[in-house]
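Source file: final21.cif; contents: mmCIF, C-alpha atoms; chains and numbers go by the auth columns.
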```
data_entry
#
loop_
_atom_site.group_PDB
_atom_site.id
_atom_site.type_symbol
_atom_site.label_atom_id
_atom_site.label_comp_id
_atom_site.label_asym_id
_atom_site.label_seq_id
_atom_site.Cartn_x
_atom_site.Cartn_y
_atom_site.Cartn_z
_atom_site.B_iso_or_equiv
_atom_site.auth_seq_id
_atom_site.auth_asym_id
ATOM 1 C CA MET A 1 0.000 0.000 0.000 0.00 4 A
ATOM 2 C CA LYS A 2 1.362 3.365 -1.001 0.00 5 A
ATOM 3 C CA SER A 3 1.616 5.918 1.810 0.00 6 A
ATOM 4 C CA ARG A 4 0.418 9.395 1.059 0.00 7 A
ATOM 5 C CA PRO A 5 3.004 12.175 1.112 0.00 8 A
ATOM 6 C CA ARG A 6 3.059 14.403 4.160 0.00 9 A
ATOM 7 C CA ILE A 7 1.940 17.923 3.560 0.00 10 A
ATOM 8 C CA PRO A 8 4.378 20.725 4.334 0.00 11 A
ATOM 9 C CA PRO A 9 4.360 21.585 8.049 0.00 12 A
ATOM 10 C CA ALA A 10 3.353 25.181 7.380 0.00 13 A
ATOM 11 C CA ALA A 11 0.235 24.078 5.464 0.00 14 A
ATOM 12 C CA ALA A 12 -0.602 21.560 8.201 0.00 15 A
ATOM 13 C CA ALA A 13 -0.246 24.312 10.798 0.00 16 A
ATOM 14 C CA TRP A 14 -2.855 26.431 8.990 0.00 17 A
ATOM 15 C CA LEU A 15 -5.231 23.467 8.963 0.00 18 A
ATOM 16 C CA HIS A 16 -4.713 22.691 12.625 0.00 19 A
ATOM 17 C CA LYS A 17 -5.527 26.312 13.495 0.00 20 A
ATOM 18 C CA ALA A 18 -8.609 26.011 11.289 0.00 21 A
ATOM 19 C CA ASP A 19 -9.579 22.887 13.238 0.00 22 A
ATOM 20 C CA ASP A 20 -9.270 24.817 16.503 0.00 23 A
ATOM 21 C CA ASP A 21 -11.515 27.600 15.194 0.00 24 A
ATOM 22 C CA LEU A 22 -14.065 25.084 13.938 0.00 25 A
ATOM 23 C CA GLU A 23 -14.067 23.252 17.261 0.00 26 A
ATOM 24 C CA ALA A 24 -14.490 26.558 19.128 0.00 27 A
ATOM 25 C CA ALA A 25 -17.432 27.511 16.898 0.00 28 A
ATOM 26 C CA ARG A 26 -19.099 24.132 17.431 0.00 29 A
ATOM 27 C CA VAL A 27 -18.602 24.166 21.208 0.00 30 A
ATOM 28 C CA LEU A 28 -19.950 27.697 21.478 0.00 31 A
ATOM 29 C CA LEU A 29 -22.916 26.879 19.256 0.00 32 A
ATOM 30 C CA ARG A 30 -23.799 23.885 21.448 0.00 33 A
ATOM 31 C CA SER A 31 -23.568 26.081 24.557 0.00 34 A
ATOM 32 C CA GLY A 32 -26.843 27.754 23.622 0.00 35 A
ATOM 33 C CA LYS A 33 -25.495 31.177 24.597 0.00 36 A
ATOM 34 C CA ASP A 34 -26.508 34.213 22.552 0.00 37 A
ATOM 35 C CA ILE A 35 -23.014 34.913 21.212 0.00 38 A
ATOM 36 C CA ASN A 36 -23.697 34.429 17.530 0.00 39 A
ATOM 37 C CA ASP A 37 -21.167 37.084 16.507 0.00 40 A
ATOM 38 C CA VAL A 38 -18.366 35.222 18.311 0.00 41 A
ATOM 39 C CA ILE A 39 -19.459 31.877 16.867 0.00 42 A
ATOM 40 C CA CYS A 40 -19.576 33.342 13.354 0.00 43 A
ATOM 41 C CA PHE A 41 -16.154 34.919 13.899 0.00 44 A
ATOM 42 C CA HIS A 42 -14.653 31.486 14.619 0.00 45 A
ATOM 43 C CA ALA A 43 -16.476 29.986 11.625 0.00 46 A
ATOM 44 C CA GLN A 44 -15.039 32.734 9.412 0.00 47 A
ATOM 45 C CA GLN A 45 -11.565 32.175 10.824 0.00 48 A
ATOM 46 C CA CYS A 46 -11.782 28.466 10.008 0.00 49 A
ATOM 47 C CA VAL A 47 -12.827 29.209 6.434 0.00 50 A
ATOM 48 C CA GLU A 48 -10.129 31.887 6.019 0.00 51 A
ATOM 49 C CA LYS A 49 -7.414 29.449 7.035 0.00 52 A
ATOM 50 C CA GLY A 50 -8.512 26.958 4.347 0.00 53 A
ATOM 51 C CA PRO A 51 -7.362 29.029 1.355 0.00 54 A
ATOM 52 C CA LYS A 52 -4.259 30.062 3.302 0.00 55 A
ATOM 53 C CA ALA A 53 -3.422 26.376 3.820 0.00 56 A
ATOM 54 C CA LEU A 54 -3.979 25.687 0.118 0.00 57 A
ATOM 55 C CA LEU A 55 -1.851 28.652 -0.929 0.00 58 A
ATOM 56 C CA THR A 56 0.905 27.517 1.425 0.00 59 A
ATOM 57 C CA PHE A 57 0.601 23.957 0.104 0.00 60 A
ATOM 58 C CA HIS A 58 1.015 25.226 -3.469 0.00 61 A
ATOM 59 C CA LYS A 59 3.865 27.570 -2.457 0.00 62 A
ATOM 60 C CA ARG A 60 1.882 30.667 -3.394 0.00 63 A
ATOM 61 C CA PRO A 61 2.403 33.914 -1.473 0.00 64 A
ATOM 62 C CA PHE A 62 -0.642 35.641 -0.032 0.00 65 A
ATOM 63 C CA PRO A 63 -1.394 38.800 1.912 0.00 66 A
ATOM 64 C CA PHE A 64 -2.527 38.532 5.501 0.00 67 A
ATOM 65 C CA VAL A 65 -6.075 39.697 4.853 0.00 68 A
ATOM 66 C CA HIS A 66 -9.470 38.565 6.082 0.00 69 A
ATOM 67 C CA ASP A 67 -11.339 39.024 2.800 0.00 70 A
ATOM 68 C CA LEU A 68 -12.192 35.522 1.596 0.00 71 A
ATOM 69 C CA GLY A 69 -12.824 36.651 -1.971 0.00 72 A
ATOM 70 C CA GLU A 70 -9.360 38.173 -2.151 0.00 73 A
ATOM 71 C CA LEU A 71 -7.804 34.889 -0.981 0.00 74 A
ATOM 72 C CA LEU A 72 -9.889 32.656 -3.239 0.00 75 A
ATOM 73 C CA VAL A 73 -8.796 34.415 -6.437 0.00 76 A
ATOM 74 C CA LEU A 74 -5.160 33.656 -5.552 0.00 77 A
ATOM 75 C CA LEU A 75 -5.706 29.882 -5.636 0.00 78 A
ATOM 76 C CA PRO A 76 -4.092 28.011 -8.524 0.00 79 A
ATOM 77 C CA THR A 77 -6.263 27.286 -11.544 0.00 80 A
ATOM 78 C CA GLY A 78 -8.376 24.213 -10.936 0.00 81 A
ATOM 79 C CA VAL A 79 -8.165 24.378 -7.133 0.00 82 A
ATOM 80 C CA LYS A 80 -11.689 25.028 -5.921 0.00 83 A
ATOM 81 C CA VAL A 81 -13.066 25.613 -2.436 0.00 84 A
ATOM 82 C CA PRO A 82 -16.788 24.861 -2.001 0.00 85 A
ATOM 83 C CA LEU A 83 -17.804 28.404 -1.116 0.00 86 A
ATOM 84 C CA THR A 84 -20.223 30.650 -2.964 0.00 87 A
ATOM 85 C CA VAL A 85 -19.523 34.341 -3.465 0.00 88 A
ATOM 86 C CA ARG A 86 -22.442 35.125 -1.172 0.00 89 A
ATOM 87 C CA GLU A 87 -21.082 32.860 1.577 0.00 90 A
ATOM 88 C CA ALA A 88 -17.614 34.388 1.230 0.00 91 A
ATOM 89 C CA GLU A 89 -18.974 37.932 1.494 0.00 92 A
ATOM 90 C CA SER A 90 -21.193 37.089 4.449 0.00 93 A
ATOM 91 C CA LEU A 91 -18.422 35.317 6.338 0.00 94 A
ATOM 92 C CA SER A 92 -15.873 38.043 5.572 0.00 95 A
ATOM 93 C CA ASP A 93 -18.066 40.510 7.454 0.00 96 A
ATOM 94 C CA PHE A 94 -17.613 38.444 10.621 0.00 97 A
ATOM 95 C CA ALA A 95 -13.802 38.708 10.470 0.00 98 A
ATOM 96 C CA VAL A 96 -13.702 42.234 11.798 0.00 99 A
ATOM 97 C CA VAL A 97 -17.055 43.310 13.180 0.00 100 A
ATOM 98 C CA ALA A 98 -17.243 40.632 15.880 0.00 101 A
ATOM 99 C CA ARG A 99 -13.831 41.541 17.293 0.00 102 A
ATOM 100 C CA TYR A 100 -14.515 45.073 18.460 0.00 103 A
ATOM 101 C CA PRO A 101 -16.586 46.435 21.341 0.00 104 A
ATOM 102 C CA GLY A 102 -19.703 48.281 20.354 0.00 105 A
ATOM 103 C CA TYR A 103 -20.212 46.232 17.206 0.00 106 A
ATOM 104 C CA ARG A 104 -22.401 43.188 16.822 0.00 107 A
ATOM 105 C CA THR A 105 -23.572 41.336 13.804 0.00 108 A
ATOM 106 C CA ASP A 106 -27.215 40.739 13.135 0.00 109 A
ATOM 107 C CA ALA A 107 -26.621 37.014 12.761 0.00 110 A
ATOM 108 C CA GLY A 108 -29.519 34.965 14.006 0.00 111 A
ATOM 109 C CA LEU A 109 -29.342 31.357 15.067 0.00 112 A
ATOM 110 C CA ASN A 110 -30.035 30.000 11.560 0.00 113 A
ATOM 111 C CA GLU A 111 -27.318 32.143 9.968 0.00 114 A
ATOM 112 C CA THR A 112 -24.935 31.119 12.749 0.00 115 A
ATOM 113 C CA ARG A 113 -25.663 27.435 12.199 0.00 116 A
ATOM 114 C CA GLN A 114 -25.136 27.916 8.472 0.00 117 A
ATOM 115 C CA ALA A 115 -21.787 29.652 9.061 0.00 118 A
ATOM 116 C CA VAL A 116 -20.572 26.746 11.193 0.00 119 A
ATOM 117 C CA ALA A 117 -21.803 24.207 8.632 0.00 120 A
ATOM 118 C CA THR A 118 -20.035 26.126 5.859 0.00 121 A
ATOM 119 C CA ALA A 119 -16.817 26.154 7.889 0.00 122 A
ATOM 120 C CA GLY A 120 -17.016 22.387 8.329 0.00 123 A
ATOM 121 C CA ARG A 121 -17.695 21.837 4.629 0.00 124 A
ATOM 122 C CA VAL A 122 -14.769 24.029 3.575 0.00 125 A
ATOM 123 C CA ARG A 123 -12.403 22.436 6.098 0.00 126 A
ATOM 124 C CA ASP A 124 -13.321 18.947 4.914 0.00 127 A
ATOM 125 C CA ALA A 125 -12.819 19.914 1.262 0.00 128 A
ATOM 126 C CA VAL A 126 -9.448 21.549 1.889 0.00 129 A
ATOM 127 C CA GLY A 127 -8.360 18.465 3.827 0.00 130 A
ATOM 128 C CA VAL A 128 -9.175 16.285 0.836 0.00 131 A
ATOM 129 C CA LEU A 129 -7.248 18.608 -1.496 0.00 132 A
ATOM 130 C CA VAL A 130 -4.060 18.448 0.575 0.00 133 A
ATOM 131 C CA GLY A 131 -4.401 15.018 2.175 0.00 134 A
ATOM 132 C CA GLU A 132 -4.893 16.217 5.743 0.00 135 A
ATOM 133 C CA PRO A 133 -8.119 14.981 7.331 0.00 136 A
ATOM 134 C CA ALA A 134 -10.215 17.142 9.611 0.00 137 A
ATOM 135 C CA ILE A 135 -9.765 17.080 13.361 0.00 138 A
ATOM 136 C CA SER A 136 -12.526 14.535 13.871 0.00 139 A
ATOM 137 C CA HIS A 137 -10.398 12.143 11.835 0.00 140 A
ATOM 138 C CA ARG A 138 -6.948 12.975 13.170 0.00 141 A
ATOM 139 C CA GLY A 139 -7.504 12.446 16.886 0.00 142 A
ATOM 140 C CA PRO A 140 -6.929 14.772 19.819 0.00 143 A
ATOM 141 C CA ALA A 141 -4.889 17.894 19.204 0.00 144 A
ATOM 142 C CA ARG A 142 -1.714 18.344 21.222 0.00 145 A
ATOM 143 C CA GLY A 143 -2.381 15.125 23.148 0.00 146 A
ATOM 144 C CA LYS A 144 -5.333 16.522 25.069 0.00 147 A
ATOM 145 C CA PRO A 145 -8.611 14.612 24.975 0.00 148 A
ATOM 146 C CA ARG A 146 -11.565 16.425 23.425 0.00 149 A
ATOM 147 C CA ARG A 147 -14.879 16.126 25.170 0.00 150 A
#
```
Could you write out this file's structure as structure tokens?
Amino acid sequence: MKSRPRIPPAAAAWLHKADDDLEAARVLLRSGKDINDVICFHAQQCVEKGPKALLTFHKRPFPFVHDLGELLVLLPTGVKVPLTVREAESLSDFAVVARYPGYRTDAGLNETRQAVATAGRVRDAVGVLVGEPAISHRGPARGKPRR
């Protein structure tokens, strides 16, 4: 049986950070607390790290920006992330607004659930593209058990 090549450590690091953001979003969503802006922020962060992992994997430079559309156009031809323009624009709004006092998003529970689902879908797809499965498939991070 042929073993799959290991992805570059820098690309794996982006994916592991994406996994942490996705896990945070899921835990917070399950908490039932009305912190949709924070949950959507973590979902956006997970999605943002997907294209950054792909760009790193393909040895493509990228700016440190939060605009998903700007990152997606930098991907090599033929490399596709399952994200609509509308989803990218909506998620990009959560990158900044949720981080500052006095600002809240208008995200309701349904939009928040959709953001988390989108983050999971993108993370899974990026994992397939680079050969690095999502956290649910790679075991506990940093040796700590996940509950």
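Run against this file, the PyMOL selection byres ((chain A and resi 93) around 10) gives back Cys43, Gln47, Leu71, Thr87, Val88, Arg89, Glu90, Ala91, Glu92, Leu94, Ser95, Asp96, Phe97, Ala98, Ala110, Glu114 and Ala118 of chain A.
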Evaluated on this file, the PyMOL selection byres ((chain A and resi 75-77) around 10) picks out some residues - which ones are they, written as a list of chain:residue names?
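For this structure, the PyMOL selection byres ((chain A and resi 75-77) around 10) resolves to A:Glu51, A:Gly53, A:Pro54, A:Lys55, A:Leu57, A:Leu58, A:Arg63, A:Pro64, A:Phe65, A:Pro66, A:Asp70, A:Leu71, A:Gly72, A:Glu73, A:Leu74, A:Leu78, A:Pro79, A:Thr80, A:Val82, A:Lys83, A:Val84, A:Leu86, A:Val88, A:Ala91.
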Enter the distance from CA of Lys52 in chain A to CA of Thr121 in chain A, in Å, rounded to one decimal.
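Between these atoms lies a distance of 13.1 Å.
What separates CA of Gly123 in chain A from CA of Thr59 in chain A is a distance of 19.9 Å.
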Taking the file as shown, find all residues satisfying the PyMOL selection byres ((chain A and resi 32-34) around 12) and write them as a count of residues only.
29
Using only C-alpha atoms, the shortest atom-to-atom distance to Asp24 in chain A among A:Val99, A:Ala122, A:Ile10, A:Lys62 belongs to A:Ala122
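Coordinates place CA of His61 in chain A at a distance of 9.6 Å from CA of Pro11 in chain A.
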Under the rule that all atoms listed in the file are counted, which of A:Ala101, A:Asp23, A:Val68, A:Leu18 is the nearest residue to Val129 in chain A?
A:Leu18
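Counting only C-alpha atoms, the residue from A:Val125, A:Asp109, A:Pro104, A:Ala16 that sits nearest to Phe60 in chain A is A:Ala16.
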Name the closest residue to Arg124 in chain A among the candidates A:Gly81, A:Thr108, A:Ala14, A:Val50; distances are taken between atoms, counting only C-alpha atoms.
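Of A:Gly81, A:Thr108, A:Ala14, A:Val50, the one nearest Arg124 in chain A, counting only C-alpha atoms, is A:Val50.
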